[in-house]
Amino acid sequence: MNRILAFPRKRNMALAVLLLLGAAWANLPAPAADVAISIQANSPGASINPAMWGVFFEDINFGADGGLYAEMVKNRGFEFPDSMMGWTLISPSLAHGSLEVRTNAPFDPNNSHYVRLQSQGTAPFGLSNEGFRGMGVRKGAAYDFSARFRPVSGVPDVSIQIYGGDGALLDSVKITPTGTGWQKYTAVLHPNDTDGDARLAVLVLNRASVDVDFVSLFPEDTWKHRPGGLRADMVQALADLHPGFMRFPGGCIVEGSVLTRRYQWKNTIGPIEDRHVLINRWNYEFLHRPTPDYFQSFGLGFFEYFQLCEDIGAQPLPVLNCGMACQFNSGELCPMDQLQPYVQDAMDLIEFANGPVTSPWGARRAALGHPQPFNMRLLGVGNEQWGPQYMERYEKFAAAIKASHPEIQLVAAAGPEPADQRFTYAWSKLRALHADIIDEHCYSNPQWFFDNTGRYDHYDRNGPKVFMGEYAAQSVGVVSVKNHNTLECALSEAAYMLGMERNADVVRMASYAPLFANTKAWQWTPDLIWVDSLRVCRTPDYYVQQFFSCNRGDNVLPTSVTGLEQLDPLYASAVKDSASGEIILKVVNPESKPQPVHLHLDGVSRIQPQASEICLSSGDLQGYNTVDHPRAVVPISSVVNLPTPQCDFTFPPQSFTVLRIKPE
Ligand code: AHR
């Protein structure tokens, strides 16, 4: 086992000093290197899981509805408990009319509420939708409107309008519903301006009465141009991470605060109108961040999750409820003698994902347009469970699944903390049960991540493998609203990831959490990617993840750092990339001064003198990106001179650097 020298970090210096030193660094001659990084390039060690660095998606912070799922209308089917949430009556002073929420003879019994608009025709009368805290529209782009209408009296002239945050009309089309029953009507709108705060209005222009339901607006430019699909810019940010796997759909939403509010995958496939709306547990979880308009439409359901994984080349890792509601909430338990339906959901999911089209659930998949299997090989049993109640439920799942699907690797939970009684208990029990993979979670301060880069050096090589399924450095405190995705957090995560990389025989997978946050509707910070209705902001933590997934390598190379001063830590790890033959060296220098280093590539006689470098750094450790200023901390690529396998190199202050070195 290669060891890295890592010492406790010094406290941050004053920003002014940091900036001064950072600026001065560029002009200083590099001091002689007392510190050495030695890489045994001819002794490749543990093989690295090709799917090691992945993503964890949860519908938190408006991550799905109001985020990845590109639907722009909130409460499109009037199915929220407050049927009019998100909607506003439009009734100018000259208008005479009425709006009534009804349930009698809906177009779909699974979607029973709708609105009846009756207008005297004296002025446009109707309603408008605010979207998910404002709709984002782009000048000239096409937006697909659809709704169900049923004329009740007269021949309604209905105007569909998009208008901006300032009230300016951006585009409108007219629809004239006819006949006597419900029908779906569609139209395309092209806003004449870009606006992040737009609204959609449905107005009756004449004397008539009409029923309205399932009002929808999507950009045409969705990911892969799929109608009713996902936000292209957000999926692109995921695709650019080249994630090895995607864990979904949570997180705590899998568990639910009570079992009736748990995530049930079978309710999320098939016609979107039939997918019952469910309150999102993040709607009411944090009293300091209430989000009363947060519901799950399941427009992004399990079929779409599998499709997304396939699109971005990520192995699917669904997580299912194991008969336990969130233990931070009710902790409600499904009695053991009633657990079978939960286990059956898991068995059916495996068939849905992988079964032949001749099987009942494989046929459902084929009917949704995907006869080929999704090749699911990983399945999470419960989210962040702990205690004996979890163990007995996990055992029951494992017995049933392993008996008929030994090809499925099960991911078991180890509780919410990386080192407490719940964690120790889980590990001892799961080790005895020969669990495949154990999911560890950690939200802590940057210091914890720096201090724990050696965490896996002493793990049992023959026990269950580790999945670091949720982790993120918190700049102020766990669930503090003041947390930011600072460079310091990102560097601490990078140092910790180097420890995971060096122990790739034990740590097989890892993912940051949470993934997405809407700037106007978040509950939890920090998050990997921030979005508003038009923009996507990649954080320093995002770039750290990307550095690892794009420079994964195939085998760990034993690497040591020697000659460090007690208070000047430096973190390093190296891997071999067999396709290119390159040695990939990753180094975190968290200190405010440059770190000259003597590099030794043992077992290499010559290297190509030009190495590629990518570096994330900034003079401000507390710096972070925002949607308005997304480039405060971004990586810079360059080509650097490394003349021989034994040479000097200086790592910039407060930086994470990846060097790709090619032996000749
Ligand atoms: O990532 C946010 C939450 O943190 C997840 O839902 C849960 O698993 C953990 O407690």
# chains A, B, ... in the order shown; residues from 1 in each chain; ligands from 1
>>> residues_around(residues="A:Ala237", least_positions_apart="5", cutoff="10 Å", atoms="only C-alpha atoms", output="JSON, numbers by chain")
{"A": [232, 242, 529, 536, 537, 538, 542]}
>>> write_last_selection(atoms="N, CA and C atoms", output="compact mmCIF listing (two decimals), in the first residue's frame")
# COMPACT_ATOMS: atom_id res chain seq x y z
N ALA A 232 -31.66 20.52 -21.97
CA ALA A 232 -30.44 20.13 -22.69
C ALA A 232 -29.18 20.65 -22.00
N HIS A 242 -18.76 12.91 -17.73
CA HIS A 242 -18.48 11.50 -18.10
C HIS A 242 -18.66 10.58 -16.89
N ILE A 529 -23.98 21.64 -9.07
CA ILE A 529 -24.32 22.46 -10.24
C ILE A 529 -25.50 23.35 -9.87
N VAL A 536 -26.71 27.70 -16.40
CA VAL A 536 -26.12 26.60 -15.62
C VAL A 536 -24.77 27.07 -15.12
N CYS A 537 -24.50 26.85 -13.85
CA CYS A 537 -23.22 27.27 -13.27
C CYS A 537 -22.49 26.06 -12.69
N ARG A 538 -21.30 25.82 -13.20
CA ARG A 538 -20.47 24.70 -12.72
C ARG A 538 -19.59 25.20 -11.57
N TYR A 542 -17.47 20.81 -9.07
CA TYR A 542 -17.79 20.15 -10.35
C TYR A 542 -16.51 19.87 -11.12
>>> residues_near_ligand(ligand="ligand 1", cutoff="7 Å", atoms="only C-alpha atoms and all ligand atoms", output="VMD selection string")
chain A and resid 58 250 to 253 383 to 384 416 470 513 to 514
>>> write_last_selection(atoms="N, CA and C atoms", output="PDB file, in the first residue's frame")
ATOM      1  N   GLU A  58     -30.827  13.490  -7.100  1.00  0.00           N
ATOM      2  CA  GLU A  58     -32.031  13.454  -6.260  1.00  0.00           C
ATOM      3  C   GLU A  58     -32.888  14.660  -6.607  1.00  0.00           C
ATOM      4  N   GLY A 250     -32.849   9.122  -5.290  1.00  0.00           N
ATOM      5  CA  GLY A 250     -32.465   9.772  -4.031  1.00  0.00           C
ATOM      6  C   GLY A 250     -31.730   8.744  -3.215  1.00  0.00           C
ATOM      7  N   GLY A 251     -31.315   9.117  -2.069  1.00  0.00           N
ATOM      8  CA  GLY A 251     -31.660  10.220  -1.195  1.00  0.00           C
ATOM      9  C   GLY A 251     -32.951   9.953  -0.404  1.00  0.00           C
ATOM     10  N   CYS A 252     -33.161  10.919   0.446  1.00  0.00           N
ATOM     11  CA  CYS A 252     -34.286  10.844   1.370  1.00  0.00           C
ATOM     12  C   CYS A 252     -35.625  10.697   0.663  1.00  0.00           C
ATOM     13  N   ILE A 253     -35.741  11.164  -0.606  1.00  0.00           N
ATOM     14  CA  ILE A 253     -37.074  11.046  -1.221  1.00  0.00           C
ATOM     15  C   ILE A 253     -37.436   9.588  -1.497  1.00  0.00           C
ATOM     16  N   ASN A 383     -31.877   3.838   1.475  1.00  0.00           N
ATOM     17  CA  ASN A 383     -30.964   4.970   1.271  1.00  0.00           C
ATOM     18  C   ASN A 383     -29.956   5.079   2.408  1.00  0.00           C
ATOM     19  N   GLU A 384     -30.353   5.780   3.439  1.00  0.00           N
ATOM     20  CA  GLU A 384     -29.377   6.125   4.489  1.00  0.00           C
ATOM     21  C   GLU A 384     -29.819   5.460   5.788  1.00  0.00           C
ATOM     22  N   PRO A 416     -26.007   7.694   8.173  1.00  0.00           N
ATOM     23  CA  PRO A 416     -25.747   9.035   7.651  1.00  0.00           C
ATOM     24  C   PRO A 416     -24.352   9.599   7.940  1.00  0.00           C
ATOM     25  N   GLU A 470     -22.395   9.665  -0.947  1.00  0.00           N
ATOM     26  CA  GLU A 470     -22.748  11.076  -0.767  1.00  0.00           C
ATOM     27  C   GLU A 470     -21.642  11.725   0.037  1.00  0.00           C
ATOM     28  N   ALA A 513     -22.689  14.967  -3.459  1.00  0.00           N
ATOM     29  CA  ALA A 513     -24.125  15.205  -3.255  1.00  0.00           C
ATOM     30  C   ALA A 513     -24.364  16.544  -2.554  1.00  0.00           C
ATOM     31  N   PRO A 514     -25.524  17.153  -2.816  1.00  0.00           N
ATOM     32  CA  PRO A 514     -26.444  16.890  -3.923  1.00  0.00           C
ATOM     33  C   PRO A 514     -25.889  17.407  -5.260  1.00  0.00           C
TER      34      PRO A 514
END
>>> residues_around(residues="A:His225", least_positions_apart="5", cutoff="12 Å", atoms="only C-alpha atoms", output="PDB file with N, CA, C and O atoms, in the first residue's frame")
ATOM      1  N   ALA A  70     -37.805  19.325 -18.206  1.00  0.00           N
ATOM      2  CA  ALA A  70     -37.913  20.641 -18.848  1.00  0.00           C
ATOM      3  C   ALA A  70     -39.314  21.238 -18.863  1.00  0.00           C
ATOM      4  O   ALA A  70     -39.509  22.337 -19.411  1.00  0.00           O
ATOM      5  N   ALA A 142     -38.181  27.852 -30.104  1.00  0.00           N
ATOM      6  CA  ALA A 142     -39.551  27.342 -30.221  1.00  0.00           C
ATOM      7  C   ALA A 142     -39.974  26.672 -28.921  1.00  0.00           C
ATOM      8  O   ALA A 142     -39.198  25.929 -28.309  1.00  0.00           O
ATOM      9  N   TYR A 143     -41.211  26.930 -28.518  1.00  0.00           N
ATOM     10  CA  TYR A 143     -41.764  26.345 -27.282  1.00  0.00           C
ATOM     11  C   TYR A 143     -43.070  25.634 -27.615  1.00  0.00           C
ATOM     12  O   TYR A 143     -43.964  26.209 -28.256  1.00  0.00           O
ATOM     13  N   ASP A 144     -43.137  24.381 -27.201  1.00  0.00           N
ATOM     14  CA  ASP A 144     -44.298  23.541 -27.507  1.00  0.00           C
ATOM     15  C   ASP A 144     -45.335  23.655 -26.401  1.00  0.00           C
ATOM     16  O   ASP A 144     -45.104  23.214 -25.267  1.00  0.00           O
ATOM     17  N   PHE A 218     -43.032  23.212 -23.114  1.00  0.00           N
ATOM     18  CA  PHE A 218     -41.668  22.671 -23.129  1.00  0.00           C
ATOM     19  C   PHE A 218     -40.845  23.394 -24.179  1.00  0.00           C
ATOM     20  O   PHE A 218     -41.353  23.706 -25.270  1.00  0.00           O
ATOM     21  N   PRO A 219     -39.564  23.611 -23.933  1.00  0.00           N
ATOM     22  CA  PRO A 219     -38.706  24.062 -25.027  1.00  0.00           C
ATOM     23  C   PRO A 219     -38.602  22.938 -26.057  1.00  0.00           C
ATOM     24  O   PRO A 219     -38.611  21.760 -25.679  1.00  0.00           O
ATOM     25  N   GLU A 220     -38.552  23.299 -27.345  1.00  0.00           N
ATOM     26  CA  GLU A 220     -38.332  22.248 -28.351  1.00  0.00           C
ATOM     27  C   GLU A 220     -36.916  21.709 -28.238  1.00  0.00           C
ATOM     28  O   GLU A 220     -36.633  20.565 -28.533  1.00  0.00           O
ATOM     29  N   LEU A 230     -35.794  16.453 -21.312  1.00  0.00           N
ATOM     30  CA  LEU A 230     -34.986  17.046 -20.250  1.00  0.00           C
ATOM     31  C   LEU A 230     -34.279  18.305 -20.741  1.00  0.00           C
ATOM     32  O   LEU A 230     -34.051  18.478 -21.945  1.00  0.00           O
ATOM     33  N   ARG A 231     -33.928  19.165 -19.801  1.00  0.00           N
ATOM     34  CA  ARG A 231     -33.238  20.424 -20.155  1.00  0.00           C
ATOM     35  C   ARG A 231     -31.870  20.103 -20.738  1.00  0.00           C
ATOM     36  O   ARG A 231     -31.015  19.512 -20.073  1.00  0.00           O
ATOM     37  N   ALA A 232     -31.656  20.524 -21.973  1.00  0.00           N
ATOM     38  CA  ALA A 232     -30.442  20.133 -22.691  1.00  0.00           C
ATOM     39  C   ALA A 232     -29.184  20.652 -22.003  1.00  0.00           C
ATOM     40  O   ALA A 232     -28.177  19.935 -21.906  1.00  0.00           O
ATOM     41  N   ASP A 233     -29.238  21.909 -21.503  1.00  0.00           N
ATOM     42  CA  ASP A 233     -28.006  22.464 -20.914  1.00  0.00           C
ATOM     43  C   ASP A 233     -27.637  21.743 -19.613  1.00  0.00           C
ATOM     44  O   ASP A 233     -26.450  21.572 -19.304  1.00  0.00           O
ATOM     45  N   VAL A 235     -28.421  18.495 -18.896  1.00  0.00           N
ATOM     46  CA  VAL A 235     -27.897  17.152 -19.219  1.00  0.00           C
ATOM     47  C   VAL A 235     -26.482  17.274 -19.780  1.00  0.00           C
ATOM     48  O   VAL A 235     -25.618  16.447 -19.496  1.00  0.00           O
TER      49      VAL A 235
END
>>> residues_around(residues="A:Asp602", least_positions_apart="3", cutoff="12 Å", atoms="only C-alpha atoms", output="number ranges by chain")
A: 37-44, 557-560, 583, 599, 605-607, 644-647, 663
>>> atom_distance(atom1="atom CA of A:Phe145", atom2="atom CA of A:Leu217")
4.5 Å
>>> residues_around(residues="A:Pro653", least_positions_apart="2", cutoff="7 Å", atoms="only C-alpha atoms", output="list in words")
Gly22, Asn589, Pro590, Glu591, Ser592, Lys593, Pro594, Phe651 and Ser655 of chain A
>>> write_last_selection(atoms="all heavy atoms", output="PDB file, in the first residue's frame")
ATOM      1  N   GLY A  22       0.079  35.043  -3.943  1.00  0.00           N
ATOM      2  CA  GLY A  22      -0.306  34.464  -5.231  1.00  0.00           C
ATOM      3  C   GLY A  22       0.231  35.288  -6.373  1.00  0.00           C
ATOM      4  O   GLY A  22       0.788  34.776  -7.344  1.00  0.00           O
ATOM      5  N   ASN A 589      -2.289  21.157  -3.850  1.00  0.00           N
ATOM      6  CA  ASN A 589      -1.489  22.028  -2.978  1.00  0.00           C
ATOM      7  C   ASN A 589      -2.444  23.035  -2.350  1.00  0.00           C
ATOM      8  O   ASN A 589      -2.809  24.030  -2.970  1.00  0.00           O
ATOM      9  CB  ASN A 589      -0.410  22.763  -3.781  1.00  0.00           C
ATOM     10  CG  ASN A 589       0.337  23.773  -2.900  1.00  0.00           C
ATOM     11  OD1 ASN A 589       0.284  23.694  -1.669  1.00  0.00           O
ATOM     12  ND2 ASN A 589       1.017  24.732  -3.538  1.00  0.00           N
ATOM     13  N   PRO A 590      -2.871  22.794  -1.104  1.00  0.00           N
ATOM     14  CA  PRO A 590      -3.872  23.692  -0.508  1.00  0.00           C
ATOM     15  C   PRO A 590      -3.264  24.961   0.060  1.00  0.00           C
ATOM     16  O   PRO A 590      -3.988  25.859   0.483  1.00  0.00           O
ATOM     17  CB  PRO A 590      -4.459  22.831   0.617  1.00  0.00           C
ATOM     18  CG  PRO A 590      -3.386  21.876   0.982  1.00  0.00           C
ATOM     19  CD  PRO A 590      -2.520  21.668  -0.226  1.00  0.00           C
ATOM     20  N   GLU A 591      -1.945  25.031   0.107  1.00  0.00           N
ATOM     21  CA  GLU A 591      -1.283  26.146   0.776  1.00  0.00           C
ATOM     22  C   GLU A 591      -1.243  27.397  -0.086  1.00  0.00           C
ATOM     23  O   GLU A 591      -1.405  27.352  -1.303  1.00  0.00           O
ATOM     24  CB  GLU A 591       0.124  25.735   1.202  1.00  0.00           C
ATOM     25  CG  GLU A 591       0.109  24.714   2.313  1.00  0.00           C
ATOM     26  CD  GLU A 591      -0.733  25.174   3.505  1.00  0.00           C
ATOM     27  OE1 GLU A 591      -0.437  26.246   4.064  1.00  0.00           O
ATOM     28  OE2 GLU A 591      -1.697  24.494   3.866  1.00  0.00           O
ATOM     29  N   SER A 592      -0.939  28.523   0.574  1.00  0.00           N
ATOM     30  CA  SER A 592      -0.979  29.809  -0.124  1.00  0.00           C
ATOM     31  C   SER A 592       0.349  30.147  -0.785  1.00  0.00           C
ATOM     32  O   SER A 592       0.551  31.270  -1.229  1.00  0.00           O
ATOM     33  CB  SER A 592      -1.361  30.891   0.882  1.00  0.00           C
ATOM     34  OG  SER A 592      -0.478  30.818   1.971  1.00  0.00           O
ATOM     35  N   LYS A 593       1.251  29.210  -0.829  1.00  0.00           N
ATOM     36  CA  LYS A 593       2.512  29.453  -1.537  1.00  0.00           C
ATOM     37  C   LYS A 593       2.752  28.329  -2.540  1.00  0.00           C
ATOM     38  O   LYS A 593       2.252  27.201  -2.355  1.00  0.00           O
ATOM     39  CB  LYS A 593       3.667  29.554  -0.548  1.00  0.00           C
ATOM     40  CG  LYS A 593       3.866  28.327   0.282  1.00  0.00           C
ATOM     41  CD  LYS A 593       4.978  28.544   1.294  1.00  0.00           C
ATOM     42  CE  LYS A 593       5.234  27.253   2.044  1.00  0.00           C
ATOM     43  NZ  LYS A 593       6.043  27.399   3.214  1.00  0.00           N
ATOM     44  N   PRO A 594       3.516  28.635  -3.576  1.00  0.00           N
ATOM     45  CA  PRO A 594       3.813  27.598  -4.559  1.00  0.00           C
ATOM     46  C   PRO A 594       4.618  26.469  -3.915  1.00  0.00           C
ATOM     47  O   PRO A 594       5.355  26.698  -2.952  1.00  0.00           O
ATOM     48  CB  PRO A 594       4.626  28.317  -5.630  1.00  0.00           C
ATOM     49  CG  PRO A 594       5.120  29.558  -4.984  1.00  0.00           C
ATOM     50  CD  PRO A 594       4.158  29.925  -3.906  1.00  0.00           C
ATOM     51  N   PHE A 651       4.063  23.356  -8.154  1.00  0.00           N
ATOM     52  CA  PHE A 651       2.600  23.367  -8.123  1.00  0.00           C
ATOM     53  C   PHE A 651       2.126  24.700  -7.558  1.00  0.00           C
ATOM     54  O   PHE A 651       2.600  25.145  -6.501  1.00  0.00           O
ATOM     55  CB  PHE A 651       2.081  22.188  -7.287  1.00  0.00           C
ATOM     56  CG  PHE A 651       2.340  20.864  -7.964  1.00  0.00           C
ATOM     57  CD1 PHE A 651       3.474  20.126  -7.648  1.00  0.00           C
ATOM     58  CD2 PHE A 651       1.493  20.402  -8.958  1.00  0.00           C
ATOM     59  CE1 PHE A 651       3.735  18.921  -8.290  1.00  0.00           C
ATOM     60  CE2 PHE A 651       1.750  19.200  -9.610  1.00  0.00           C
ATOM     61  CZ  PHE A 651       2.873  18.460  -9.280  1.00  0.00           C
ATOM     62  N   SER A 655      -4.182  24.988  -5.287  1.00  0.00           N
ATOM     63  CA  SER A 655      -4.460  24.439  -6.617  1.00  0.00           C
ATOM     64  C   SER A 655      -4.695  22.937  -6.577  1.00  0.00           C
ATOM     65  O   SER A 655      -4.253  22.233  -5.666  1.00  0.00           O
ATOM     66  CB  SER A 655      -3.267  24.707  -7.542  1.00  0.00           C
ATOM     67  OG  SER A 655      -2.135  23.977  -7.103  1.00  0.00           O
TER      68      SER A 655
END
